[in-house]
Each structure stands twice: as structure tokens, then as C-alpha cells.
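Colleague: My structure file coords.pdb, PDB, C-alpha atoms, pLDDT in the B column, is below:
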```pdb
MODEL        1
ATOM      1  CA  MET A   1      42.985  92.456 111.774  1.00 38.00           C
ATOM      2  CA  ASP A   2      44.929  89.505 110.443  1.00 41.00           C
ATOM      3  CA  CYS A   3      48.692  89.777 110.589  1.00 40.00           C
ATOM      4  CA  VAL A   4      50.405  89.980 107.234  1.00 35.00           C
ATOM      5  CA  SER A   5      53.150  87.420 106.773  1.00 35.00           C
ATOM      6  CA  ILE A   6      56.421  89.050 105.775  1.00 33.00           C
ATOM      7  CA  ASN A   7      59.528  87.138 104.829  1.00 39.00           C
ATOM      8  CA  GLN A   8      62.166  88.368 107.267  1.00 39.00           C
ATOM      9  CA  GLU A   9      64.665  85.579 106.637  1.00 44.00           C
ATOM     10  CA  VAL A  10      68.204  86.684 107.307  1.00 42.00           C
ATOM     11  CA  HIS A  11      70.324  86.148 104.242  1.00 45.00           C
ATOM     12  CA  PRO A  12      73.040  83.520 104.667  1.00 47.00           C
ATOM     13  CA  THR A  13      76.521  84.648 105.534  1.00 56.00           C
ATOM     14  CA  ASN A  14      78.187  82.348 102.987  1.00 78.00           C
ATOM     15  CA  ARG A  15      77.836  84.931 100.249  1.00 94.00           C
ATOM     16  CA  VAL A  16      80.486  86.126  97.819  1.00 98.00           C
ATOM     17  CA  ALA A  17      81.793  89.686  98.114  1.00 98.00           C
ATOM     18  CA  ILE A  18      83.926  91.649  95.672  1.00 98.00           C
ATOM     19  CA  VAL A  19      85.886  94.401  97.417  1.00 98.00           C
ATOM     20  CA  THR A  20      87.781  96.903  95.269  1.00 98.00           C
ATOM     21  CA  GLY A  21      90.758  98.726  96.722  1.00 96.00           C
ATOM     22  CA  ALA A  22      91.096  95.800  99.110  1.00 97.00           C
ATOM     23  CA  SER A  23      94.890  95.669  99.289  1.00 94.00           C
ATOM     24  CA  GLY A  24      95.189  98.361 101.955  1.00 86.00           C
ATOM     25  CA  GLY A  25      93.572 100.896 104.263  1.00 92.00           C
ATOM     26  CA  ILE A  26      89.800 100.805 104.598  1.00 96.00           C
ATOM     27  CA  GLY A  27      89.453  98.309 101.747  1.00 97.00           C
ATOM     28  CA  ARG A  28      91.588  95.760 103.551  1.00 97.00           C
ATOM     29  CA  ALA A  29      89.636  96.201 106.782  1.00 97.00           C
ATOM     30  CA  VAL A  30      86.400  95.703 104.839  1.00 98.00           C
ATOM     31  CA  ALA A  31      87.674  92.563 103.110  1.00 98.00           C
ATOM     32  CA  GLU A  32      88.828  91.024 106.369  1.00 98.00           C
ATOM     33  CA  ARG A  33      85.602  91.948 108.182  1.00 98.00           C
ATOM     34  CA  LEU A  34      83.373  90.448 105.490  1.00 98.00           C
ATOM     35  CA  ALA A  35      85.475  87.284 105.565  1.00 97.00           C
ATOM     36  CA  GLN A  36      85.046  87.223 109.336  1.00 97.00           C
ATOM     37  CA  ASP A  37      81.288  87.465 108.730  1.00 96.00           C
ATOM     38  CA  GLY A  38      81.501  84.283 106.674  1.00 96.00           C
ATOM     39  CA  GLN A  39      81.575  85.754 103.191  1.00 97.00           C
ATOM     40  CA  THR A  40      83.935  84.559 100.482  1.00 98.00           C
ATOM     41  CA  VAL A  41      85.944  87.584  99.391  1.00 98.00           C
ATOM     42  CA  VAL A  42      87.481  88.573  96.074  1.00 98.00           C
ATOM     43  CA  VAL A  43      90.309  90.962  96.945  1.00 98.00           C
ATOM     44  CA  ALA A  44      90.392  93.337  93.981  1.00 98.00           C
ATOM     45  CA  TYR A  45      93.496  95.485  93.637  1.00 97.00           C
ATOM     46  CA  ALA A  46      94.959  97.935  91.145  1.00 95.00           C
ATOM     47  CA  GLY A  47      98.689  97.278  91.236  1.00 90.00           C
ATOM     48  CA  ASN A  48     100.150  96.009  94.501  1.00 92.00           C
ATOM     49  CA  LYS A  49      99.933  92.226  94.148  1.00 94.00           C
ATOM     50  CA  GLY A  50     102.087  91.616  97.204  1.00 96.00           C
ATOM     51  CA  ARG A  51      99.715  93.464  99.528  1.00 96.00           C
ATOM     52  CA  ALA A  52      96.676  91.810  97.944  1.00 97.00           C
ATOM     53  CA  ASP A  53      98.218  88.359  98.422  1.00 97.00           C
ATOM     54  CA  GLU A  54      98.916  89.287 102.036  1.00 97.00           C
ATOM     55  CA  VAL A  55      95.238  90.105 102.590  1.00 97.00           C
ATOM     56  CA  VAL A  56      94.232  86.793 101.019  1.00 98.00           C
ATOM     57  CA  ALA A  57      96.724  84.937 103.220  1.00 98.00           C
ATOM     58  CA  THR A  58      95.414  86.683 106.349  1.00 97.00           C
ATOM     59  CA  ILE A  59      91.829  85.745 105.511  1.00 98.00           C
ATOM     60  CA  ARG A  60      92.753  82.138 104.766  1.00 98.00           C
ATOM     61  CA  ALA A  61      94.817  81.857 107.945  1.00 98.00           C
ATOM     62  CA  ALA A  62      91.717  82.856 109.906  1.00 97.00           C
ATOM     63  CA  GLY A  63      89.707  80.107 108.214  1.00 96.00           C
ATOM     64  CA  GLY A  64      88.093  82.201 105.503  1.00 97.00           C
ATOM     65  CA  THR A  65      88.004  81.930 101.733  1.00 97.00           C
ATOM     66  CA  ALA A  66      89.520  84.553  99.466  1.00 98.00           C
ATOM     67  CA  THR A  67      91.164  85.063  96.102  1.00 98.00           C
ATOM     68  CA  ALA A  68      92.898  88.104  94.611  1.00 98.00           C
ATOM     69  CA  PHE A  69      92.229  89.669  91.230  1.00 98.00           C
ATOM     70  CA  GLN A  70      93.879  92.661  89.559  1.00 98.00           C
ATOM     71  CA  ALA A  71      91.619  95.205  87.879  1.00 98.00           C
ATOM     72  CA  ASP A  72      91.683  98.882  87.026  1.00 98.00           C
ATOM     73  CA  VAL A  73      88.237 100.005  88.208  1.00 98.00           C
ATOM     74  CA  ALA A  74      87.964 102.559  85.394  1.00 98.00           C
ATOM     75  CA  ASP A  75      88.554  99.912  82.702  1.00 98.00           C
ATOM     76  CA  GLU A  76      85.260  98.260  81.771  1.00 98.00           C
ATOM     77  CA  GLN A  77      86.884  95.120  80.356  1.00 98.00           C
ATOM     78  CA  GLN A  78      88.984  94.557  83.452  1.00 98.00           C
ATOM     79  CA  VAL A  79      85.984  95.099  85.732  1.00 98.00           C
ATOM     80  CA  ALA A  80      83.928  92.656  83.663  1.00 98.00           C
ATOM     81  CA  ALA A  81      86.774  90.147  84.042  1.00 98.00           C
ATOM     82  CA  LEU A  82      86.736  90.745  87.813  1.00 98.00           C
ATOM     83  CA  PHE A  83      83.066  89.785  88.001  1.00 98.00           C
ATOM     84  CA  ALA A  84      83.672  86.837  85.700  1.00 98.00           C
ATOM     85  CA  HIS A  85      86.360  85.652  88.119  1.00 98.00           C
ATOM     86  CA  ALA A  86      83.875  85.797  90.990  1.00 98.00           C
ATOM     87  CA  GLU A  87      81.406  83.769  88.957  1.00 97.00           C
ATOM     88  CA  THR A  88      83.918  81.195  87.721  1.00 97.00           C
ATOM     89  CA  GLU A  89      85.789  80.700  90.986  1.00 96.00           C
ATOM     90  CA  HIS A  90      83.016  81.245  93.536  1.00 97.00           C
ATOM     91  CA  GLY A  91      79.697  80.906  91.734  1.00 96.00           C
ATOM     92  CA  GLY A  92      78.742  84.581  91.494  1.00 97.00           C
ATOM     93  CA  ALA A  93      78.700  87.863  93.389  1.00 98.00           C
ATOM     94  CA  ASP A  94      76.229  88.815  96.126  1.00 98.00           C
ATOM     95  CA  VAL A  95      77.994  91.845  97.582  1.00 98.00           C
ATOM     96  CA  VAL A  96      80.084  94.521  95.876  1.00 98.00           C
ATOM     97  CA  VAL A  97      81.971  97.059  97.981  1.00 98.00           C
ATOM     98  CA  HIS A  98      83.743  99.719  95.953  1.00 98.00           C
ATOM     99  CA  THR A  99      86.365 101.374  98.159  1.00 97.00           C
ATOM    100  CA  ALA A 100      88.972 102.180  95.484  1.00 96.00           C
ATOM    101  CA  GLY A 101      89.670 105.886  95.178  1.00 95.00           C
ATOM    102  CA  VAL A 102      92.268 108.615  94.702  1.00 94.00           C
ATOM    103  CA  MET A 103      92.609 111.775  96.801  1.00 93.00           C
ATOM    104  CA  LEU A 104      94.824 114.622  95.551  1.00 94.00           C
ATOM    105  CA  LEU A 105      94.427 117.886  97.436  1.00 93.00           C
ATOM    106  CA  ALA A 106      95.056 121.519  96.501  1.00 96.00           C
ATOM    107  CA  PRO A 107      93.322 124.892  96.751  1.00 97.00           C
ATOM    108  CA  LEU A 108      91.192 125.379  93.655  1.00 97.00           C
ATOM    109  CA  VAL A 109      93.391 128.199  92.318  1.00 97.00           C
ATOM    110  CA  GLU A 110      96.383 125.838  92.439  1.00 97.00           C
ATOM    111  CA  LEU A 111      94.586 122.728  91.207  1.00 97.00           C
ATOM    112  CA  ASP A 112      96.548 120.715  88.650  1.00 97.00           C
ATOM    113  CA  LEU A 113      93.976 119.615  86.080  1.00 98.00           C
ATOM    114  CA  ASP A 114      95.929 116.419  85.460  1.00 98.00           C
ATOM    115  CA  ASP A 115      95.331 115.564  89.130  1.00 97.00           C
ATOM    116  CA  PHE A 116      91.669 116.452  88.688  1.00 97.00           C
ATOM    117  CA  ASP A 117      91.393 114.201  85.647  1.00 98.00           C
ATOM    118  CA  ARG A 118      93.036 111.367  87.546  1.00 97.00           C
ATOM    119  CA  MET A 119      90.514 111.670  90.379  1.00 98.00           C
ATOM    120  CA  VAL A 120      87.595 111.868  87.971  1.00 98.00           C
ATOM    121  CA  ARG A 121      88.830 108.757  86.173  1.00 98.00           C
ATOM    122  CA  THR A 122      89.107 106.677  89.338  1.00 97.00           C
ATOM    123  CA  ASN A 123      86.495 108.193  91.648  1.00 98.00           C
ATOM    124  CA  VAL A 124      83.745 108.960  89.129  1.00 98.00           C
ATOM    125  CA  ARG A 125      84.288 106.794  86.048  1.00 98.00           C
ATOM    126  CA  GLY A 126      85.572 103.938  88.229  1.00 98.00           C
ATOM    127  CA  THR A 127      82.501 104.118  90.453  1.00 98.00           C
ATOM    128  CA  PHE A 128      80.142 104.130  87.470  1.00 98.00           C
ATOM    129  CA  VAL A 129      81.948 101.218  85.795  1.00 98.00           C
ATOM    130  CA  VAL A 130      81.816  99.114  88.975  1.00 98.00           C
ATOM    131  CA  LEU A 131      78.215 100.125  89.731  1.00 98.00           C
ATOM    132  CA  ARG A 132      77.122  99.257  86.198  1.00 98.00           C
ATOM    133  CA  GLU A 133      78.690  95.804  86.299  1.00 98.00           C
ATOM    134  CA  ALA A 134      77.331  95.202  89.797  1.00 98.00           C
ATOM    135  CA  ALA A 135      73.828  96.248  88.707  1.00 98.00           C
ATOM    136  CA  ARG A 136      74.032  93.775  85.847  1.00 98.00           C
ATOM    137  CA  ARG A 137      75.443  90.811  87.743  1.00 98.00           C
ATOM    138  CA  VAL A 138      74.828  90.910  91.509  1.00 98.00           C
ATOM    139  CA  ARG A 139      72.524  88.103  92.544  1.00 97.00           C
ATOM    140  CA  GLU A 140      69.081  88.593  94.076  1.00 96.00           C
ATOM    141  CA  GLY A 141      69.243  89.506  97.749  1.00 96.00           C
ATOM    142  CA  GLY A 142      72.591  91.217  97.282  1.00 97.00           C
ATOM    143  CA  ALA A 143      74.071  94.539  98.347  1.00 98.00           C
ATOM    144  CA  ILE A 144      76.100  97.208  96.580  1.00 98.00           C
ATOM    145  CA  VAL A 145      78.121  99.650  98.677  1.00 98.00           C
ATOM    146  CA  SER A 146      80.071 102.568  97.220  1.00 98.00           C
ATOM    147  CA  PHE A 147      82.332 105.008  99.026  1.00 98.00           C
ATOM    148  CA  SER A 148      81.629 108.714  99.334  1.00 97.00           C
ATOM    149  CA  SER A 149      83.210 111.050 101.895  1.00 96.00           C
ATOM    150  CA  SER A 150      82.122 113.320 104.723  1.00 95.00           C
ATOM    151  CA  VAL A 151      84.049 116.151 103.051  1.00 94.00           C
ATOM    152  CA  THR A 152      81.039 116.679 100.783  1.00 96.00           C
ATOM    153  CA  ARG A 153      79.474 118.251 103.903  1.00 94.00           C
ATOM    154  CA  LEU A 154      82.514 119.386 105.847  1.00 92.00           C
ATOM    155  CA  ALA A 155      83.831 121.512 102.953  1.00 92.00           C
ATOM    156  CA  PHE A 156      87.451 121.490 104.122  1.00 90.00           C
ATOM    157  CA  PRO A 157      89.727 123.851 102.165  1.00 93.00           C
ATOM    158  CA  THR A 158      91.814 122.075  99.473  1.00 94.00           C
ATOM    159  CA  TYR A 159      89.180 119.343  99.079  1.00 94.00           C
ATOM    160  CA  SER A 160      87.009 120.950  96.369  1.00 97.00           C
ATOM    161  CA  ALA A 161      87.943 118.621  93.506  1.00 98.00           C
ATOM    162  CA  TYR A 162      87.944 115.473  95.631  1.00 97.00           C
ATOM    163  CA  ALA A 163      84.620 116.401  97.236  1.00 97.00           C
ATOM    164  CA  ALA A 164      83.116 117.024  93.802  1.00 98.00           C
ATOM    165  CA  THR A 165      84.026 113.509  92.688  1.00 98.00           C
ATOM    166  CA  LYS A 166      82.394 112.093  95.801  1.00 98.00           C
ATOM    167  CA  GLY A 167      79.280 114.186  95.216  1.00 97.00           C
ATOM    168  CA  ALA A 168      78.857 112.187  92.025  1.00 97.00           C
ATOM    169  CA  VAL A 169      78.854 108.995  94.095  1.00 98.00           C
ATOM    170  CA  ASP A 170      76.073 110.388  96.298  1.00 98.00           C
ATOM    171  CA  ALA A 171      73.923 111.233  93.291  1.00 97.00           C
ATOM    172  CA  ALA A 172      74.436 107.873  91.608  1.00 98.00           C
ATOM    173  CA  THR A 173      73.638 105.932  94.783  1.00 98.00           C
ATOM    174  CA  ALA A 174      70.104 107.277  95.086  1.00 97.00           C
ATOM    175  CA  VAL A 175      69.338 106.730  91.411  1.00 98.00           C
ATOM    176  CA  VAL A 176      70.776 103.224  91.085  1.00 98.00           C
ATOM    177  CA  ALA A 177      68.892 102.082  94.193  1.00 98.00           C
ATOM    178  CA  LYS A 178      65.645 102.928  92.382  1.00 98.00           C
ATOM    179  CA  GLU A 179      66.802 101.340  89.151  1.00 98.00           C
ATOM    180  CA  MET A 180      67.284  98.029  91.019  1.00 98.00           C
ATOM    181  CA  ARG A 181      63.547  97.816  91.805  1.00 97.00           C
ATOM    182  CA  GLY A 182      62.314  94.228  91.865  1.00 96.00           C
ATOM    183  CA  ARG A 183      65.781  92.709  92.300  1.00 96.00           C
ATOM    184  CA  ASP A 184      65.942  92.731  96.141  1.00 97.00           C
ATOM    185  CA  VAL A 185      69.367  94.396  95.894  1.00 98.00           C
ATOM    186  CA  THR A 186      70.227  97.313  98.170  1.00 98.00           C
ATOM    187  CA  VAL A 187      72.435 100.183  96.988  1.00 98.00           C
ATOM    188  CA  ASN A 188      74.070 102.474  99.541  1.00 98.00           C
ATOM    189  CA  ALA A 189      77.177 104.560 100.082  1.00 98.00           C
ATOM    190  CA  VAL A 190      79.409 105.040 103.108  1.00 98.00           C
ATOM    191  CA  ALA A 191      80.884 108.491 103.749  1.00 97.00           C
ATOM    192  CA  PRO A 192      83.798 108.242 106.196  1.00 96.00           C
ATOM    193  CA  GLY A 193      85.103 111.222 108.104  1.00 92.00           C
ATOM    194  CA  PRO A 194      88.771 111.669 109.053  1.00 90.00           C
ATOM    195  CA  THR A 195      90.109 108.123 109.270  1.00 91.00           C
ATOM    196  CA  ALA A 196      93.605 107.026 110.214  1.00 87.00           C
ATOM    197  CA  THR A 197      94.772 105.594 106.894  1.00 85.00           C
ATOM    198  CA  PRO A 198      97.926 106.362 104.884  1.00 79.00           C
ATOM    199  CA  LEU A 199      95.736 108.045 102.242  1.00 72.00           C
ATOM    200  CA  PHE A 200      94.327 110.476 104.799  1.00 76.00           C
ATOM    201  CA  LEU A 201      97.451 111.063 106.900  1.00 77.00           C
ATOM    202  CA  ASP A 202      99.795 111.660 103.967  1.00 76.00           C
ATOM    203  CA  GLY A 203     101.033 115.270 103.881  1.00 73.00           C
ATOM    204  CA  LYS A 204      99.335 116.340 107.128  1.00 79.00           C
ATOM    205  CA  SER A 205     101.286 117.739 110.067  1.00 84.00           C
ATOM    206  CA  ASP A 206     100.903 116.382 113.602  1.00 85.00           C
ATOM    207  CA  GLU A 207      99.048 119.581 114.482  1.00 87.00           C
ATOM    208  CA  GLN A 208      96.573 119.111 111.636  1.00 83.00           C
ATOM    209  CA  VAL A 209      95.951 115.498 112.585  1.00 86.00           C
ATOM    210  CA  ALA A 210      95.440 116.438 116.244  1.00 87.00           C
ATOM    211  CA  GLY A 211      92.991 119.177 115.268  1.00 86.00           C
ATOM    212  CA  LEU A 212      90.961 116.817 113.103  1.00 84.00           C
ATOM    213  CA  ALA A 213      90.946 114.221 115.878  1.00 86.00           C
ATOM    214  CA  LYS A 214      89.439 116.803 118.261  1.00 88.00           C
ATOM    215  CA  ALA A 215      86.747 117.849 115.773  1.00 88.00           C
ATOM    216  CA  ALA A 216      84.502 114.867 116.462  1.00 90.00           C
ATOM    217  CA  PRO A 217      82.652 114.714 119.801  1.00 92.00           C
ATOM    218  CA  LEU A 218      84.348 111.365 120.378  1.00 92.00           C
ATOM    219  CA  GLU A 219      87.688 113.214 120.119  1.00 89.00           C
ATOM    220  CA  ARG A 220      89.568 110.742 117.973  1.00 92.00           C
ATOM    221  CA  LEU A 221      90.096 109.841 114.359  1.00 92.00           C
ATOM    222  CA  GLY A 222      88.151 106.979 112.904  1.00 91.00           C
ATOM    223  CA  PHE A 223      89.850 103.671 112.289  1.00 94.00           C
ATOM    224  CA  PRO A 224      89.408 101.402 109.269  1.00 96.00           C
ATOM    225  CA  ASP A 225      87.602  98.870 111.466  1.00 96.00           C
ATOM    226  CA  ASP A 226      85.014 101.530 112.361  1.00 96.00           C
ATOM    227  CA  ILE A 227      84.173 101.896 108.691  1.00 97.00           C
ATOM    228  CA  ALA A 228      84.267  98.160 108.033  1.00 98.00           C
ATOM    229  CA  GLU A 229      81.695  97.637 110.785  1.00 97.00           C
ATOM    230  CA  VAL A 230      79.181  99.804 108.932  1.00 98.00           C
ATOM    231  CA  VAL A 231      79.920  98.085 105.621  1.00 98.00           C
ATOM    232  CA  SER A 232      79.324  94.740 107.338  1.00 97.00           C
ATOM    233  CA  PHE A 233      75.893  95.982 108.398  1.00 97.00           C
ATOM    234  CA  LEU A 234      75.001  97.181 104.898  1.00 98.00           C
ATOM    235  CA  ALA A 235      76.372  94.014 103.285  1.00 97.00           C
ATOM    236  CA  GLY A 236      74.445  91.681 105.584  1.00 91.00           C
ATOM    237  CA  PRO A 237      71.482  92.369 107.832  1.00 92.00           C
ATOM    238  CA  ALA A 238      70.574  95.887 106.670  1.00 94.00           C
ATOM    239  CA  ARG A 239      67.889  94.898 104.164  1.00 95.00           C
ATOM    240  CA  TRP A 240      65.710  97.968 104.820  1.00 97.00           C
ATOM    241  CA  VAL A 241      68.465 100.539 104.366  1.00 98.00           C
ATOM    242  CA  ASN A 242      68.502 101.480 100.699  1.00 98.00           C
ATOM    243  CA  GLY A 243      69.485 104.457  98.562  1.00 98.00           C
ATOM    244  CA  GLN A 244      71.265 106.108 101.489  1.00 98.00           C
ATOM    245  CA  VAL A 245      74.593 107.821 102.142  1.00 98.00           C
ATOM    246  CA  LEU A 246      75.688 106.891 105.679  1.00 97.00           C
ATOM    247  CA  TYR A 247      78.023 109.394 107.324  1.00 97.00           C
ATOM    248  CA  VAL A 248      80.504 107.463 109.457  1.00 96.00           C
ATOM    249  CA  ASN A 249      82.499 110.169 111.172  1.00 94.00           C
ATOM    250  CA  GLY A 250      81.977 110.058 114.937  1.00 93.00           C
ATOM    251  CA  GLY A 251      79.533 112.976 114.840  1.00 93.00           C
ATOM    252  CA  ILE A 252      81.841 115.528 113.206  1.00 89.00           C
ATOM    253  CA  ALA A 253      79.023 116.562 110.844  1.00 65.00           C
TER     254      ALA A 253
ENDMDL
END
```
Turn this file's structure into C-alpha cells for me.
Modeller:
Amino acid sequence: MDCVSINQEVHPTNRVAIVTGASGGIGRAVAERLAQDGQTVVVAYAGNKGRADEVVATIRAAGGTATAFQADVADEQQVAALFAHAETEHGGADVVVHTAGVMLLAPLVELDLDDFDRMVRTNVRGTFVVLREAARRVREGGAIVSFSSSVTRLAFPTYSAYAATKGAVDAATAVVAKEMRGRDVTVNAVAPGPTATPLFLDGKSDEQVAGLAKAAPLERLGFPDDIAEVVSFLAGPARWVNGQVLYVNGGIA
């Protein structure tokens, strides 16, 4: 039987990536890793210009290319302007990594609905706004990566509202991947487990942190670079991974 010729060309590394929430934590690690991979990076941030400029400076000092742009991910006009910036300054967008999110924890019976609304605005509406613009404007051969969370499976107490917002990300990922048929654009989500970031560590005692570190078979917390490594895979060579939620948690679930 004759062999069928399949185009397995590796996409070039000199692509343009938009990373939301890139001024700190996992988002910063992702931005710096993609720059290390050879991608031009737009460091999208909500409010801390100083930290965003620091990320840009770090990338440039290492020989990479980056610019910063302020945008509220839940504001459709600001997100459209973010993509327009990528097109005007860098020629377009090939990769979109949406790490921006809010986590406010409480038992359900004590849940402040204002906190819930804030999480829904950023984690759900923000994800849909960014996904919609990415689906409209990412170039052929691109990749879209959203952020879910392992707590959708782990079901930790106090995480009900936050986990619900991330469940929406899971659902949207599978659907949008199918809606991108014919575009050669992959759509996936990354679901980190306990990761040593200020967002995760805030409000937790040393005993709680130690317990969570022991939960994984690898007996440690994740680090932002662990998560960035998986994003790098999805944003580059992983052309046959599509419509998936990847749990990046050291085997905790």
C-alpha cells in the first residue's frame, strides 16, 4: 500500500503570542517561556504597569521581543484593542494564552455574592471575551490555551464558586475546538493543581501548604515553570492535541 504523504512541518517559533495575566505568577512564567521559545510576546495586564514593564524588560534582556498592553479581559473593546495592538505592532497573533483569573474562597454558606460576581466577570465572561476575539483573529496554524483548574476534580472545600467558574472554561474549550474546524487552530485548556504562586498561597497556613505539597505523589507544590512548560508544548509542537483539558498537578488527581 502506498504511503500517504502528510504535512508534518513544525510550525516556526517566530510566532506572536498574546498572554493575558502576564504581569505575575503563572502568566509571567508563560510569557517568559514563550519568549525563550522564540515567540514575540504581548504582555497583557490588567492594572500593574510596573510589573508588566518588568516582564517586558526581562524578555528583551534575554534577547527576545515583547511589548506590554493594558486590557480588562472582560471588556470586549479593550480586548479587541489588545488584538489590534498585536496586529499593528507585530503583524498578528498566532498564539493566545489566557491566564488571567480571580480566586476568592469561602464555604458556600458564607459566600459573598459580590465576590462570586467578580469571579464570574473575570473567569467566565473574561474567558469568553478572549476566546471569541482569538477565534476571530488567530492566524492559521495557531493555538489557543485557556486556564482551568484541577479543583474542578479535587473538590476542595471553600472552592465551590471558583471551581464552577473554571468548569465553564472546560465546557467552552471542547466546543470552541470544534467550531475552529478547517482553521488549523488548536484549542485547549491547562488545569494546574496546587502551584506556588501568591494567588494560591495567600491566606493559607504553613500547615495547609505542607499538606497540599504532600498530596501529590511527587510530594511538592507545582511551580509556575512547570505550568509554563505544558503551555509551551500546546503553543508549539502539540498540533494533534485539541479540545482537551490537561491536568498539570503532579498526579494529585
Colleague: Excluding Leu218 (chain A) and any residue of its chain fewer than 4 positions from it, enumerate the residues within 9 Å of it, using all atoms listed in the file, and give them as an MDAnalysis selection string.
Modeller: chainID A and resid 213:214 250:252
Colleague: Output C-alpha atoms for every residue in the selection just made, as an mmCIF file, in the frame of the given file.
Modeller:
```cif
data_model
loop_
_atom_site.group_PDB
_atom_site.id
_atom_site.type_symbol
_atom_site.label_atom_id
_atom_site.label_comp_id
_atom_site.auth_asym_id
_atom_site.auth_seq_id
_atom_site.Cartn_x
_atom_site.Cartn_y
_atom_site.Cartn_z
ATOM 1 C CA ALA A 213 90.946 114.221 115.878
ATOM 2 C CA LYS A 214 89.439 116.803 118.261
ATOM 3 C CA GLY A 250 81.977 110.058 114.937
ATOM 4 C CA GLY A 251 79.533 112.976 114.840
ATOM 5 C CA ILE A 252 81.841 115.528 113.206
#
```
Colleague: Mind checking which residues fall within 6 Å of region 229-245 of chain A, counting all atoms listed in the file, ignoring those fewer than 2 positions away in the same chain, and posting them as a PyMOL selection string?
Modeller: chain A and resi 143+173-174+177+186-190+226-227
Colleague: From the list A:Ala46, A:Ile18, A:Ala196, A:Ala74, which residue is nearest Asp94 (chain A) when using all atoms listed in the file?
Modeller: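 Going through A:Ala46, A:Ile18, A:Ala196, A:Ala74 one by one, the smallest distance to Asp94 (chain A) is for A:Ile18.
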Colleague: Would you give me, as a Markdown table, each residue of region 83-126 of chain A having an atom within 10 Å of an atom of region 145-154 of chain A, along with its shortest atom pair and that distance in Å to one decimal, using only C-alpha atoms and sorting by chain and residue number?
Modeller:
```
| residue | atom | partner | partner_atom | distance |
| --- | --- | --- | --- | --- |
| A:Val95 | CA | A:Val145 | CA | 7.9 |
| A:Val96 | CA | A:Val145 | CA | 6.2 |
| A:Val97 | CA | A:Val145 | CA | 4.7 |
| A:His98 | CA | A:Ser146 | CA | 4.8 |
| A:Thr99 | CA | A:Phe147 | CA | 5.5 |
| A:Ala100 | CA | A:Phe147 | CA | 8.0 |
| A:Gly101 | CA | A:Phe147 | CA | 8.3 |
| A:Asn123 | CA | A:Phe147 | CA | 9.1 |
```
Colleague: Can you pull out every residue within 8 Å of Pro194 (chain A), counting only C-alpha atoms, but drop anything in the same chain fewer than 3 positions away, and send it as a PyMOL selection string?
Modeller: chain A and resi 200+212-213+221-222+249
Colleague: Considering all atoms listed in the file, can you say which of A:Glu54, A:Glu133, A:Asp117, A:Glu110 comes closest to Ala80 (chain A)?
Modeller: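 Looking at the shortest contact to Ala80 (chain A), the residue is A:Glu133.
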Colleague: Rebuild region 104-115 of chain A to N, CA, C and O atoms - output it as a PDB file, in the coordinates of the input, please.
Modeller:
```
ATOM      1  N   LEU A 104      93.729 113.687  95.818  1.00 94.00           N
ATOM      2  CA  LEU A 104      94.824 114.622  95.551  1.00 94.00           C
ATOM      3  C   LEU A 104      94.314 116.018  95.905  1.00 94.00           C
ATOM      4  O   LEU A 104      93.333 116.493  95.316  1.00 94.00           O
ATOM      5  N   LEU A 105      94.973 116.668  96.847  1.00 93.00           N
ATOM      6  CA  LEU A 105      94.427 117.886  97.436  1.00 93.00           C
ATOM      7  C   LEU A 105      95.202 119.124  97.011  1.00 93.00           C
ATOM      8  O   LEU A 105      96.429 119.105  96.896  1.00 93.00           O
ATOM      9  N   ALA A 106      94.454 120.219  96.809  1.00 96.00           N
ATOM     10  CA  ALA A 106      95.056 121.519  96.501  1.00 96.00           C
ATOM     11  C   ALA A 106      93.958 122.571  96.553  1.00 96.00           C
ATOM     12  O   ALA A 106      92.794 122.274  96.254  1.00 96.00           O
ATOM     13  N   PRO A 107      94.304 123.825  96.919  1.00 97.00           N
ATOM     14  CA  PRO A 107      93.322 124.892  96.751  1.00 97.00           C
ATOM     15  C   PRO A 107      92.922 124.972  95.285  1.00 97.00           C
ATOM     16  O   PRO A 107      93.721 124.681  94.386  1.00 97.00           O
ATOM     17  N   LEU A 108      91.685 125.370  95.030  1.00 97.00           N
ATOM     18  CA  LEU A 108      91.192 125.379  93.655  1.00 97.00           C
ATOM     19  C   LEU A 108      92.084 126.197  92.727  1.00 97.00           C
ATOM     20  O   LEU A 108      92.338 125.800  91.584  1.00 97.00           O
ATOM     21  N   VAL A 109      92.586 127.339  93.192  1.00 97.00           N
ATOM     22  CA  VAL A 109      93.391 128.199  92.318  1.00 97.00           C
ATOM     23  C   VAL A 109      94.724 127.555  91.957  1.00 97.00           C
ATOM     24  O   VAL A 109      95.378 127.971  91.003  1.00 97.00           O
ATOM     25  N   GLU A 110      95.132 126.531  92.710  1.00 97.00           N
ATOM     26  CA  GLU A 110      96.383 125.838  92.439  1.00 97.00           C
ATOM     27  C   GLU A 110      96.161 124.436  91.883  1.00 97.00           C
ATOM     28  O   GLU A 110      97.115 123.674  91.685  1.00 97.00           O
ATOM     29  N   LEU A 111      94.916 124.086  91.614  1.00 97.00           N
ATOM     30  CA  LEU A 111      94.586 122.728  91.207  1.00 97.00           C
ATOM     31  C   LEU A 111      95.245 122.369  89.880  1.00 97.00           C
ATOM     32  O   LEU A 111      95.098 123.079  88.886  1.00 97.00           O
ATOM     33  N   ASP A 112      95.969 121.269  89.866  1.00 97.00           N
ATOM     34  CA  ASP A 112      96.548 120.715  88.650  1.00 97.00           C
ATOM     35  C   ASP A 112      95.449 119.904  87.953  1.00 97.00           C
ATOM     36  O   ASP A 112      94.937 118.927  88.519  1.00 97.00           O
ATOM     37  N   LEU A 113      95.076 120.291  86.754  1.00 98.00           N
ATOM     38  CA  LEU A 113      93.976 119.615  86.080  1.00 98.00           C
ATOM     39  C   LEU A 113      94.297 118.168  85.727  1.00 98.00           C
ATOM     40  O   LEU A 113      93.389 117.350  85.561  1.00 98.00           O
ATOM     41  N   ASP A 114      95.569 117.830  85.641  1.00 98.00           N
ATOM     42  CA  ASP A 114      95.929 116.419  85.460  1.00 98.00           C
ATOM     43  C   ASP A 114      95.544 115.614  86.706  1.00 98.00           C
ATOM     44  O   ASP A 114      95.074 114.475  86.597  1.00 98.00           O
ATOM     45  N   ASP A 115      95.762 116.213  87.889  1.00 97.00           N
ATOM     46  CA  ASP A 115      95.331 115.564  89.130  1.00 97.00           C
ATOM     47  C   ASP A 115      93.813 115.428  89.166  1.00 97.00           C
ATOM     48  O   ASP A 115      93.267 114.402  89.590  1.00 97.00           O
TER      49      ASP A 115
END
```
